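Visitor: File run.cif follows (mmCIF, C-alpha atoms):
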data_entry
#
loop_
_atom_site.label_atom_id
_atom_site.label_comp_id
_atom_site.auth_asym_id
_atom_site.auth_seq_id
_atom_site.Cartn_x
_atom_site.Cartn_y
_atom_site.Cartn_z
CA MET A 1 126.47 334.70 -26.82
CA THR A 2 126.14 335.17 -23.08
CA LEU A 3 125.25 332.14 -21.01
CA HIS A 4 122.96 332.79 -18.06
CA ARG A 5 123.17 330.44 -15.12
CA SER A 6 120.06 329.95 -13.04
CA ILE A 7 120.39 331.45 -9.61
CA PRO A 8 119.10 329.20 -6.81
CA PRO A 9 116.48 330.76 -4.56
CA GLN A 10 117.91 332.44 -1.50
CA PRO A 11 116.85 331.05 1.88
CA SER A 12 114.33 333.10 3.82
CA PRO A 13 115.70 334.89 6.89
CA MET A 14 115.19 333.23 10.25
CA VAL A 15 112.88 334.94 12.72
CA LEU A 16 112.34 334.51 16.43
CA VAL A 17 109.20 332.45 16.99
CA THR A 18 108.22 334.83 19.80
CA ASP A 19 108.42 337.87 17.49
CA GLY A 20 104.75 338.36 16.66
CA VAL A 21 105.34 340.89 13.88
CA ALA A 22 107.98 338.80 12.10
CA VAL A 23 105.95 335.59 12.42
CA ALA A 24 102.83 337.32 11.08
CA GLN A 25 104.73 338.67 8.10
CA ALA A 26 106.36 335.34 7.21
CA VAL A 27 103.19 333.29 7.63
CA GLY A 28 101.08 336.00 5.98
CA ARG A 29 103.13 335.77 2.80
CA LEU A 30 102.52 332.01 2.67
CA LEU A 31 98.80 332.40 3.33
CA ALA A 32 98.48 334.92 0.53
CA GLY A 33 99.35 332.20 -1.97
CA ALA A 34 97.29 329.38 -0.44
CA LYS A 35 95.01 327.63 -2.94
CA TYR A 36 94.10 324.25 -1.49
CA SER A 37 95.14 323.62 2.10
CA VAL A 38 96.72 325.17 5.18
CA SER A 39 97.89 322.91 8.04
CA VAL A 40 98.74 324.65 11.30
CA ILE A 41 100.55 323.26 14.34
CA VAL A 42 100.46 325.71 17.24
CA PRO A 43 103.52 325.41 19.54
CA GLY A 44 102.84 323.75 22.87
CA ASP A 45 104.89 326.40 24.70
CA LEU A 46 102.52 329.25 25.54
CA GLU A 47 105.00 332.07 24.91
CA ARG A 48 105.83 330.71 21.47
CA ALA A 49 102.18 329.97 20.75
CA ARG A 50 100.98 333.56 21.19
CA PRO A 51 102.14 334.90 17.78
CA MET A 52 100.35 332.00 16.09
CA LEU A 53 97.23 332.47 18.21
CA ALA A 54 97.17 336.12 17.17
CA MET A 55 96.70 334.92 13.58
CA MET A 56 93.42 333.05 14.14
CA GLY A 57 91.58 335.74 12.20
CA ARG A 58 93.96 335.33 9.25
CA PHE A 59 93.46 331.56 9.22
CA ALA A 60 89.69 332.03 9.42
CA ALA A 61 89.77 334.44 6.45
CA VAL A 62 91.70 331.87 4.39
CA ALA A 63 89.14 329.20 5.31
CA LYS A 64 86.31 331.46 4.19
CA SER A 65 87.97 331.78 0.78
CA GLY A 66 87.48 328.04 0.24
CA VAL A 67 90.88 326.76 1.37
CA THR A 68 90.86 323.76 3.73
CA VAL A 69 92.37 324.84 7.05
CA ARG A 70 93.24 322.44 9.88
CA LEU A 71 94.72 323.48 13.21
CA LEU A 72 96.35 321.24 15.82
CA CYS A 73 97.04 322.40 19.39
CA THR A 74 97.48 321.18 22.96
CA PRO A 75 94.87 321.44 25.77
CA GLN A 76 97.03 324.09 27.45
CA VAL A 77 97.06 326.28 24.33
CA LEU A 78 93.36 325.67 23.76
CA ALA A 79 92.62 327.06 27.22
CA VAL A 80 94.40 330.42 26.65
CA PRO A 81 91.81 333.18 27.32
CA HIS A 82 90.39 334.87 24.21
CA GLY A 83 92.15 332.31 22.00
CA VAL A 84 91.13 329.21 20.06
CA LEU A 85 88.54 328.01 22.57
CA ALA A 86 86.66 331.30 22.63
CA ALA A 87 86.57 331.37 18.83
CA VAL A 88 85.40 327.75 18.67
CA ARG A 89 82.56 328.39 21.09
CA THR A 90 81.35 331.44 19.18
CA GLY A 91 81.68 329.72 15.80
CA GLN A 92 84.12 332.32 14.51
CA LEU A 93 86.82 330.03 13.12
CA GLY A 94 85.17 328.17 10.26
CA PHE A 95 87.88 325.51 10.17
CA ASP A 96 88.71 322.21 11.90
CA VAL A 97 90.59 322.11 15.21
CA ARG A 98 91.97 319.02 16.91
CA VAL A 99 93.63 318.59 20.29
CA THR A 100 96.60 316.45 21.31
CA ASP A 101 98.79 316.19 24.39
CA ALA A 102 101.89 315.47 22.27
CA GLU A 103 104.85 317.86 22.23
CA LEU A 104 104.26 320.36 19.42
CA HIS A 105 106.55 322.73 17.55
CA GLY A 106 104.99 325.54 15.53
CA THR A 107 104.55 324.83 11.83
CA VAL A 108 102.38 326.19 9.02
CA ILE A 109 102.22 324.15 5.80
CA VAL A 110 100.61 325.61 2.67
CA ASP A 111 99.47 323.43 -0.25
CA GLY A 112 102.12 320.85 0.66
CA LYS A 113 104.69 323.03 -1.12
CA ALA A 114 105.92 325.54 1.44
CA ALA A 115 106.18 325.61 5.21
CA PHE A 116 107.07 327.93 8.05
CA GLY A 117 108.80 326.18 10.95
CA ARG A 118 111.99 325.49 12.86
CA SER A 119 115.24 325.99 10.98
CA GLY A 120 118.98 325.58 11.38
CA PRO A 121 121.07 323.38 13.64
CA GLU A 122 119.53 324.69 16.84
CA ARG A 123 117.00 322.35 18.44
CA ASP A 124 115.36 324.57 21.02
CA GLY A 125 112.84 325.96 18.55
CA ARG A 126 113.76 329.64 19.03
CA TYR A 127 113.99 330.39 15.32
CA ALA A 128 111.88 329.56 12.29
CA THR A 129 111.94 330.28 8.57
CA VAL A 130 110.06 329.58 5.34
CA ASN A 131 111.04 326.30 3.69
CA THR A 132 110.23 325.56 0.02
CA ASP A 133 112.23 322.34 -0.37
CA LEU A 134 109.56 319.90 -1.54
CA ALA A 135 111.09 316.83 0.13
CA SER A 136 111.38 318.61 3.48
CA VAL A 137 107.89 320.07 3.24
CA ARG A 138 106.41 316.68 2.36
CA ALA A 139 108.09 315.16 5.43
CA LEU A 140 106.56 317.90 7.58
CA TYR A 141 103.15 317.32 6.03
CA LEU A 142 103.33 313.56 6.70
CA MET A 143 104.26 314.33 10.31
CA PHE A 144 101.27 316.65 10.58
CA ALA A 145 98.96 314.05 9.00
CA GLY A 146 100.04 311.43 11.53
CA ALA A 147 99.52 313.76 14.49
CA TRP A 148 96.18 314.93 13.09
CA GLY A 149 94.92 311.38 12.65
CA SER A 150 95.55 310.50 16.29
CA ALA A 151 94.31 313.81 17.73
CA MET A 152 90.78 314.47 19.02
CA PRO A 153 88.28 316.87 17.41
CA VAL A 154 87.91 319.90 19.66
CA HIS A 155 84.18 319.45 20.33
CA GLU A 156 84.74 315.82 21.33
CA HIS A 157 87.59 316.90 23.58
CA LEU A 158 85.37 319.45 25.31
CA ARG A 159 82.57 316.91 25.72
CA LEU A 160 84.93 314.42 27.33
CA ALA A 161 86.48 317.08 29.54
CA GLU A 162 82.99 317.91 30.80
CA ARG A 163 82.19 314.23 31.40
CA LEU A 164 85.46 313.64 33.26
CA ARG A 165 85.12 316.78 35.34
CA SER A 166 83.45 314.90 38.19
CA ASP A 167 85.74 313.78 41.00
CA SER A 168 84.51 310.19 40.76
CA MET A 169 85.40 309.85 37.08
CA ARG A 170 88.83 311.38 37.60
CA VAL A 171 89.55 308.98 40.45
CA ILE A 172 88.54 306.05 38.24
CA LEU A 173 90.84 307.28 35.47
CA GLU A 174 93.70 307.49 37.95
CA ARG A 175 93.07 303.89 39.00
CA LEU A 176 93.01 302.83 35.35
CA SER A 177 96.30 304.55 34.56
CA GLU A 178 97.86 302.84 37.60
CA GLY A 179 96.80 299.42 36.30
CA HIS A 180 94.66 298.29 39.24
CA THR A 181 92.26 295.38 38.79
CA ASP A 182 88.56 296.25 38.84
CA ASP A 183 88.05 294.65 42.25
CA VAL A 184 90.99 296.44 43.90
CA ALA A 185 90.14 299.77 42.28
CA ALA A 186 86.47 299.60 43.30
CA LYS A 187 87.45 298.90 46.91
CA LYS A 188 89.98 301.72 46.94
CA ILE A 189 87.41 304.32 45.88
CA GLN A 190 84.63 302.66 47.87
CA ILE A 191 82.04 301.98 45.18
CA SER A 192 80.45 298.74 44.06
CA LEU A 193 82.25 296.61 41.50
CA ARG A 194 79.22 296.84 39.19
CA THR A 195 79.18 300.65 39.30
CA TYR A 196 82.94 300.81 38.76
CA ARG A 197 82.75 298.56 35.70
CA ARG A 198 79.90 300.60 34.25
CA HIS A 199 81.98 303.79 34.52
CA VAL A 200 85.02 302.04 33.04
CA ALA A 201 83.01 300.82 30.05
CA THR A 202 81.85 304.39 29.39
CA ILE A 203 85.38 305.76 29.61
CA MET A 204 86.80 303.06 27.32
CA ARG A 205 84.15 303.76 24.72
CA ASP A 206 84.67 307.51 24.87
CA VAL A 207 88.46 307.47 24.51
CA GLY A 208 88.51 304.58 22.02
CA ALA A 209 90.54 302.23 24.23
CA SER A 210 90.62 298.44 23.98
CA SER A 211 91.85 297.85 27.55
CA ARG A 212 91.46 299.44 30.95
CA PHE A 213 95.11 300.46 31.23
CA GLN A 214 95.04 301.89 27.71
CA ALA A 215 92.01 304.00 28.69
CA GLY A 216 93.95 305.64 31.51
CA VAL A 217 96.99 306.24 29.34
CA ARG A 218 94.85 307.53 26.48
CA ALA A 219 93.09 310.03 28.73
CA VAL A 220 96.45 311.39 29.90
CA GLU A 221 97.74 311.59 26.31
CA LEU A 222 94.69 313.58 25.28
CA GLY A 223 95.15 315.99 28.17
CA LEU A 224 91.80 315.04 29.68
CA LEU A 225 93.28 314.91 33.17
CA SER A 226 95.35 318.09 32.88
CA ALA A 227 94.78 321.24 34.93
CA ALA A 228 93.92 323.09 31.73
CA ASP A 229 90.75 321.06 31.30
CA ARG A 230 89.34 322.44 34.53
CA GLU A 231 89.41 325.84 32.83
CA LEU A 232 87.83 324.49 29.64
CA VAL A 233 84.58 323.56 31.33
CA ASP A 234 84.25 326.46 33.78
#
Just give me the structure of the file as structure tokens.
Guide:
Amino acid sequence: MTLHRSIPPQPSPMVLVTDGVAVAQAVGRLLAGAKYSVSVIVPGDLERARPMLAMMGRFAAVAKSGVTVRLLCTPQVLAVPHGVLAAVRTGQLGFDVRVTDAELHGTVIVDGKAAFGRSGPERDGRYATVNTDLASVRALYLMFAGAWGSAMPVHEHLRLAERLRSDSMRVILERLSEGHTDDVAAKKIQISLRTYRRHVATIMRDVGASSRFQAGVRAVELGLLSAADRELVD
């Protein structure tokens, strides 16, 4: 009698995250087997984000098949011409998008069982591969869930960016992030204390802050004061 030993699955080859063809092939194979959910983190670095952005149509097609698709990106990536923002505004995506100012590394998680993301001992994020180790994939999914929970829905982000576009509101946010008292801040920007406090109350409500300083920090974290947001509302 011949005994057959099970052969462990061979690791998937690593690919450069800037190689659009290789990334599309690796992620495409995962998407082909998606049944329940696809969680996407687009890299914050624009060069590394482009291959993932080129797959928006693929993600949209998966969403149309009934799979829940969620995509997380930074304000800078959102503002890339002909990318996520354009698709959001024309209603072409058909899945949820949230925005965060946190540092992001590209990851695609399918059904909580397989993921495409960084691999190996290198920490600069140049290479990625498909990972099917359930413990590792679950850790990635929990990381995504935490980032998703604290991120802002894209339409809310755009609404706030529009509200904060005015010079007066941006100046107030800068005073908040610097920790000035209401009286000092109002004098610095030469408006009445009552008007200043009314603007602060609006900002705190919009960004979900419980203190003035937290409102300034929260706005920076969400990218609402970044240069990219000037492009979002043009």
Visitor: Rank nothing, just name the residue among A:Val80, A:Val21, A:Ala115, A:Val154 nearest to Ala128 in chain A, using only C-alpha atoms.
Guide: A:Ala115
Visitor: Near Met143 in chain A, within 12 Å and counting all atoms listed in the file, which residues show up once chain neighbours fewer than 2 positions away are dropped, as a ChimeraX atom specification?
Guide: /A:39-41,72,104-105,107,109,112,136-141,145-150
Visitor: Measuring atom to atom with all atoms listed in the file, identify which of A:Val15, A:Ala34, A:Leu93, A:Val23 is nearest to Lys113 in chain A.
Guide: A:Ala34
Visitor: So that I can check the surroundings of Arg205 in chain A, please list as a compact mmCIF listing (two decimals) with C-alpha atoms, keeping the file's coordinate frame every protein, DNA and RNA residue that reaches within 12 Å of it, counting only C-alpha atoms and ignoring chain neighbours fewer than 3 positions away.
Guide:
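Saved the output as out_14.txt:
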# COMPACT_ATOMS: atom_id res chain seq x y z
CA LEU A 160 84.93 314.42 27.33
CA ARG A 198 79.90 300.60 34.25
CA HIS A 199 81.98 303.79 34.52
CA VAL A 200 85.02 302.04 33.04
CA ALA A 201 83.01 300.82 30.05
CA THR A 202 81.85 304.39 29.39
CA GLY A 208 88.51 304.58 22.02
CA ALA A 209 90.54 302.23 24.23
CA SER A 210 90.62 298.44 23.98
CA SER A 211 91.85 297.85 27.55
CA ARG A 212 91.46 299.44 30.95
CA GLN A 214 95.04 301.89 27.71
CA ALA A 215 92.01 304.00 28.69
CA ARG A 218 94.85 307.53 26.48
CA ALA A 219 93.09 310.03 28.73
Visitor: Which distance in Å separates CA of Thr132 in chain A and CA of Ala54 in chain A, to one decimal?
Guide: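 That distance, rounded to one decimal, is 24.0 Å.
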Visitor: Spell out the residues picked by the PyMOL selection byres ((chain A and resi 68) around 7) here, as a list of chain:residue names.
Guide: A:Tyr36, A:Ser37, A:Val38, A:Ala63, A:Gly66, A:Val67, A:Val69, A:Arg70
Visitor: Mind giving me the straight-line distance from CA of Arg159 in chain A to CA of Tyr196 in chain A in Å, one decimal?
Guide: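 Between CA of Arg159 in chain A and CA of Tyr196 in chain A the gap works out to 20.7 Å.
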Visitor: On this file, the PyMOL selection byres ((chain A and resi 98) around 6) gives some set of residues; write that set as a CSV table (one decimal) with C-alpha atoms, keeping the file's coordinate frame.
Guide:
chain,number,residue,atom,x,y,z
A,72,LEU,CA,96.4,321.2,15.8
A,97,VAL,CA,90.6,322.1,15.2
A,99,VAL,CA,93.6,318.6,20.3
A,151,ALA,CA,94.3,313.8,17.7
A,152,MET,CA,90.8,314.5,19.0
A,153,PRO,CA,88.3,316.9,17.4
A,154,VAL,CA,87.9,319.9,19.7
Visitor: Between CA of Arg58 in chain A and CA of Gly28 in chain A, measure the distance and give it in Å to one decimal.
Guide: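 For CA of Arg58 in chain A relative to CA of Gly28 in chain A, the distance reads 7.9 Å.
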Visitor: With all atoms listed in the file as the atoms that count, which of A:Thr195, A:Gly33, A:Gln25, A:Gly106 lies nearest to Arg126 in chain A?
Guide: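 Result for the nearest residue to Arg126 in chain A: A:Gly106.
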Visitor: Which residues come within 8 Å of Leu193 in chain A, counting all atoms listed in the file, excluding same-chain residues fewer than 6 positions away, as a PyMOL selection string?
Guide: chain A and resi 182-183+186-187
Visitor: Where does the PyMOL selection byres ((chain A and resi 51) around 9) land in this file, that is, which residues does it pick, as a PyMOL selection string?
Guide: chain A and resi 17-21+23-24+47-50+52-55
Visitor: Between A:Arg194, A:Lys188, A:His157, A:His180, which residue has the minimum interatomic distance to Ala79 in chain A, considering all atoms listed in the file?
Guide: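 Looking only at the distances to Ala79 in chain A, the closest residue turns out to be A:His157.
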Visitor: With distances taken over all atoms listed in the file, which of A:Val171, A:Ala135, A:Val184, A:Val27 is nearest to Val108 in chain A?
Guide: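 The closest residue to Val108 in chain A is A:Val27.
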Visitor: Pick the closest to Gln92 in chain A from A:Gly57, A:Pro75, A:Gly179, A:Gly117: which is it, counting all atoms listed in the file?
Guide: A:Gly57
Visitor: Counting all atoms listed in the file, find residues at most 10 Å from (98.1, 307.2, 32.8) (file frame) and give them as a list in words.
Guide: Leu173, Glu174, Arg175, Leu176, Ser177, Glu178, Gly179, Phe213, Gln214, Ala215, Gly216, Val217, Arg218, Ala219, Val220, Glu221 and Leu225 of chain A
